[in-house]
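Q: See entry20.pdb below, with PDB, C-alpha atoms, pLDDT in the B column.
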```
ATOM      1  CA  MET A 275     110.511 132.419 101.584  1.00 68.00           C
ATOM      2  CA  SER A 276     108.887 130.765  98.558  1.00 82.00           C
ATOM      3  CA  LYS A 277     110.741 127.490  99.244  1.00 79.00           C
ATOM      4  CA  SER A 278     109.383 127.387 102.766  1.00 81.00           C
ATOM      5  CA  THR A 279     105.880 128.142 101.492  1.00 83.00           C
ATOM      6  CA  ILE A 280     106.114 125.283  98.997  1.00 83.00           C
ATOM      7  CA  GLY A 281     107.417 122.974 101.728  1.00 83.00           C
ATOM      8  CA  MET A 282     104.550 123.914 104.026  1.00 86.00           C
ATOM      9  CA  GLY A 283     102.056 123.295 101.211  1.00 84.00           C
ATOM     10  CA  ARG A 284     103.467 119.790 100.715  1.00 88.00           C
ATOM     11  CA  LYS A 285     103.306 119.059 104.431  1.00 88.00           C
ATOM     12  CA  LEU A 286      99.710 120.292 104.600  1.00 88.00           C
ATOM     13  CA  ARG A 287      98.724 118.024 101.693  1.00 90.00           C
ATOM     14  CA  GLN A 288     100.394 115.054 103.404  1.00 90.00           C
ATOM     15  CA  LEU A 289      98.619 115.773 106.667  1.00 89.00           C
ATOM     16  CA  ASP A 290      95.312 116.215 104.857  1.00 88.00           C
ATOM     17  CA  GLY A 291      95.775 112.830 103.174  1.00 87.00           C
ATOM     18  CA  ARG A 292      96.540 111.158 106.499  1.00 86.00           C
ATOM     19  CA  MET A 293      93.541 112.797 108.119  1.00 85.00           C
ATOM     20  CA  GLN A 294      91.224 111.627 105.340  1.00 83.00           C
ATOM     21  CA  GLN A 295      92.536 108.057 105.688  1.00 81.00           C
ATOM     22  CA  ALA A 296      91.964 108.153 109.443  1.00 76.00           C
ATOM     23  CA  GLU A 297      88.428 109.490 108.981  1.00 72.00           C
ATOM     24  CA  ARG A 298      87.629 106.682 106.534  1.00 68.00           C
ATOM     25  CA  ARG A 299      88.823 104.101 109.036  1.00 66.00           C
ATOM     26  CA  VAL A 300      86.622 105.611 111.747  1.00 62.00           C
ATOM     27  CA  VAL A 301      83.523 106.049 109.587  1.00 57.00           C
ATOM     28  CA  LEU A 302      83.527 102.708 107.788  1.00 53.00           C
ATOM     29  CA  PRO A 303      82.309  99.912 110.012  1.00 57.00           C
ATOM     30  CA  THR A 304      84.114  96.621 110.074  1.00 61.00           C
ATOM     31  CA  THR A 305      82.444  93.660 108.454  1.00 74.00           C
ATOM     32  CA  ASP A 306      81.392  92.326 111.871  1.00 79.00           C
ATOM     33  CA  GLU A 307      79.859  95.658 112.823  1.00 78.00           C
ATOM     34  CA  ALA A 308      77.985  95.895 109.538  1.00 79.00           C
ATOM     35  CA  THR A 309      76.666  92.356 110.004  1.00 85.00           C
ATOM     36  CA  TYR A 310      75.557  93.144 113.555  1.00 87.00           C
ATOM     37  CA  HIS A 311      73.775  96.328 112.474  1.00 87.00           C
ATOM     38  CA  GLN A 312      72.041  94.510 109.634  1.00 89.00           C
ATOM     39  CA  ALA A 313      71.023  91.678 111.950  1.00 91.00           C
ATOM     40  CA  SER A 314      69.795  94.135 114.563  1.00 91.00           C
ATOM     41  CA  ARG A 315      67.677  95.903 111.964  1.00 91.00           C
ATOM     42  CA  LEU A 316      66.253  92.590 110.760  1.00 92.00           C
ATOM     43  CA  VAL A 317      65.298  91.613 114.318  1.00 93.00           C
ATOM     44  CA  GLY A 318      63.512  94.948 114.619  1.00 91.00           C
ATOM     45  CA  LEU A 319      61.543  93.957 111.521  1.00 92.00           C
ATOM     46  CA  GLY A 320      60.593  90.603 113.065  1.00 92.00           C
ATOM     47  CA  ALA A 321      63.399  88.278 111.947  1.00 93.00           C
ATOM     48  CA  THR A 322      64.015  85.080 113.889  1.00 93.00           C
ATOM     49  CA  ALA A 323      67.330  83.582 114.959  1.00 94.00           C
ATOM     50  CA  SER A 324      67.083  81.163 112.019  1.00 94.00           C
ATOM     51  CA  ASP A 325      66.645  84.117 109.656  1.00 93.00           C
ATOM     52  CA  LEU A 326      69.819  85.693 111.030  1.00 92.00           C
ATOM     53  CA  VAL A 327      71.775  82.463 110.684  1.00 92.00           C
ATOM     54  CA  ASP A 328      70.612  82.026 107.088  1.00 92.00           C
ATOM     55  CA  ASN A 329      70.902  85.641 105.925  1.00 89.00           C
ATOM     56  CA  CYS A 330      73.742  87.109 107.985  1.00 88.00           C
ATOM     57  CA  GLY A 331      75.938  84.065 108.514  1.00 87.00           C
ATOM     58  CA  MET A 332      75.793  84.411 112.286  1.00 89.00           C
ATOM     59  CA  ALA A 333      76.321  81.528 114.681  1.00 92.00           C
ATOM     60  CA  ARG A 334      73.090  80.109 116.113  1.00 94.00           C
ATOM     61  CA  GLY A 335      73.911  81.132 119.706  1.00 94.00           C
ATOM     62  CA  GLU A 336      74.867  84.652 118.667  1.00 92.00           C
ATOM     63  CA  ALA A 337      71.657  85.016 116.651  1.00 93.00           C
ATOM     64  CA  GLU A 338      69.508  83.741 119.537  1.00 94.00           C
ATOM     65  CA  LEU A 339      71.201  86.126 121.951  1.00 93.00           C
ATOM     66  CA  LEU A 340      70.656  89.092 119.647  1.00 92.00           C
ATOM     67  CA  VAL A 341      66.988  88.201 119.156  1.00 93.00           C
ATOM     68  CA  SER A 342      66.427  87.818 122.900  1.00 93.00           C
ATOM     69  CA  LEU A 343      68.155  91.119 123.673  1.00 90.00           C
ATOM     70  CA  LYS A 344      66.305  93.072 121.005  1.00 85.00           C
ATOM     71  CA  ARG A 345      62.901  91.674 121.890  1.00 79.00           C
ATOM     72  CA  GLN A 346      63.069  92.446 125.618  1.00 70.00           C
ATOM     73  CA  PRO A 347      60.423  94.959 126.657  1.00 66.00           C
ATOM     74  CA  ALA A 348      61.743  98.406 127.549  1.00 58.00           C
ATOM     75  CA  HIS A 349      61.674  99.264 131.249  1.00 54.00           C
TER      76      HIS A 349
END
```
Would you give me this structure, written as structure tokens?

A:
Amino acid sequence: MSKSTIGMGRKLRQLDGRMQQAERRVVLPTTDEATYHQASRLVGLGATASDLVDNCGMARGEAELLVSLKRQPAH
């Protein structure tokens, strides 16, 4: 009985480790997502497309699109 208890404890620790790794992957945004969120926040603070290109490394077209989408009046 004690061998099976030890085996179950090992399996539980392995599963816990896997679950923690999976949670980290879900919680941590990718670099692109982090850049988009930062750029979105900057647009909310009044940044221009040029600001996004210079500070976030975004392509000009992508920055202009983000600015135009974020600055549209709410319906």

Q: Would you write out, as a ChimeraX atom specification, every residue that the PyMOL selection byres ((chain A and resi 321-325) around 7) captures in this file?

A: /A:316-317,319-320,326-329,334,337-338,341

Q: Using C-alpha atoms, can you export the residues from the last selection as a PDB file, in the frame of the given file?

A:
```
ATOM      1  CA  LEU A 316      66.253  92.590 110.760  1.00 92.00           C
ATOM      2  CA  VAL A 317      65.298  91.613 114.318  1.00 93.00           C
ATOM      3  CA  LEU A 319      61.543  93.957 111.521  1.00 92.00           C
ATOM      4  CA  GLY A 320      60.593  90.603 113.065  1.00 92.00           C
ATOM      5  CA  LEU A 326      69.819  85.693 111.030  1.00 92.00           C
ATOM      6  CA  VAL A 327      71.775  82.463 110.684  1.00 92.00           C
ATOM      7  CA  ASP A 328      70.612  82.026 107.088  1.00 92.00           C
ATOM      8  CA  ASN A 329      70.902  85.641 105.925  1.00 89.00           C
ATOM      9  CA  ARG A 334      73.090  80.109 116.113  1.00 94.00           C
ATOM     10  CA  ALA A 337      71.657  85.016 116.651  1.00 93.00           C
ATOM     11  CA  GLU A 338      69.508  83.741 119.537  1.00 94.00           C
ATOM     12  CA  VAL A 341      66.988  88.201 119.156  1.00 93.00           C
TER      13      VAL A 341
END
```

Q: Rounded to one decimal in Å, what is the spacing between atom CA of A:Arg292 and atom CA of A:Asp306?

A: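 According to the coordinates, atom CA of A:Arg292 and atom CA of A:Asp306 are separated by 24.8 Å.
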
Q: Could you work out how far atom CA of A:Lys344 lies from atom CA of A:Gly318, giving the answer in Å with one decimal?

A: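 Between atom CA of A:Gly318 and atom CA of A:Lys344 the gap works out to 7.2 Å.
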
Q: To one decimal place in Å, what is the distance between atom CA of A:Tyr310 and atom CA of A:Gln295?

A: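 Going from atom CA of A:Tyr310 over to atom CA of A:Gln295, I get 23.9 Å.
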
Q: Once 5 Å is added on each side, what are the centre and the three edge lengths, in Å to one decimal, of the axis-aligned box enclosing the listed atoms of stretch 281-298 of chain A? Present them as AutoDock Vina command-line options.

A:
```
--center_x 97.5 --center_y 115.3 --center_z 105.1 --size_x 29.8 --size_y 27.2 --size_z 18.7
```

Q: Which residue is closest to A:Thr309? Choose from A:Ser276, A:Leu343, A:Cys330, A:Arg284 and count all atoms listed in the file.

A: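 Under the stated criterion, the closest residue is A:Cys330.
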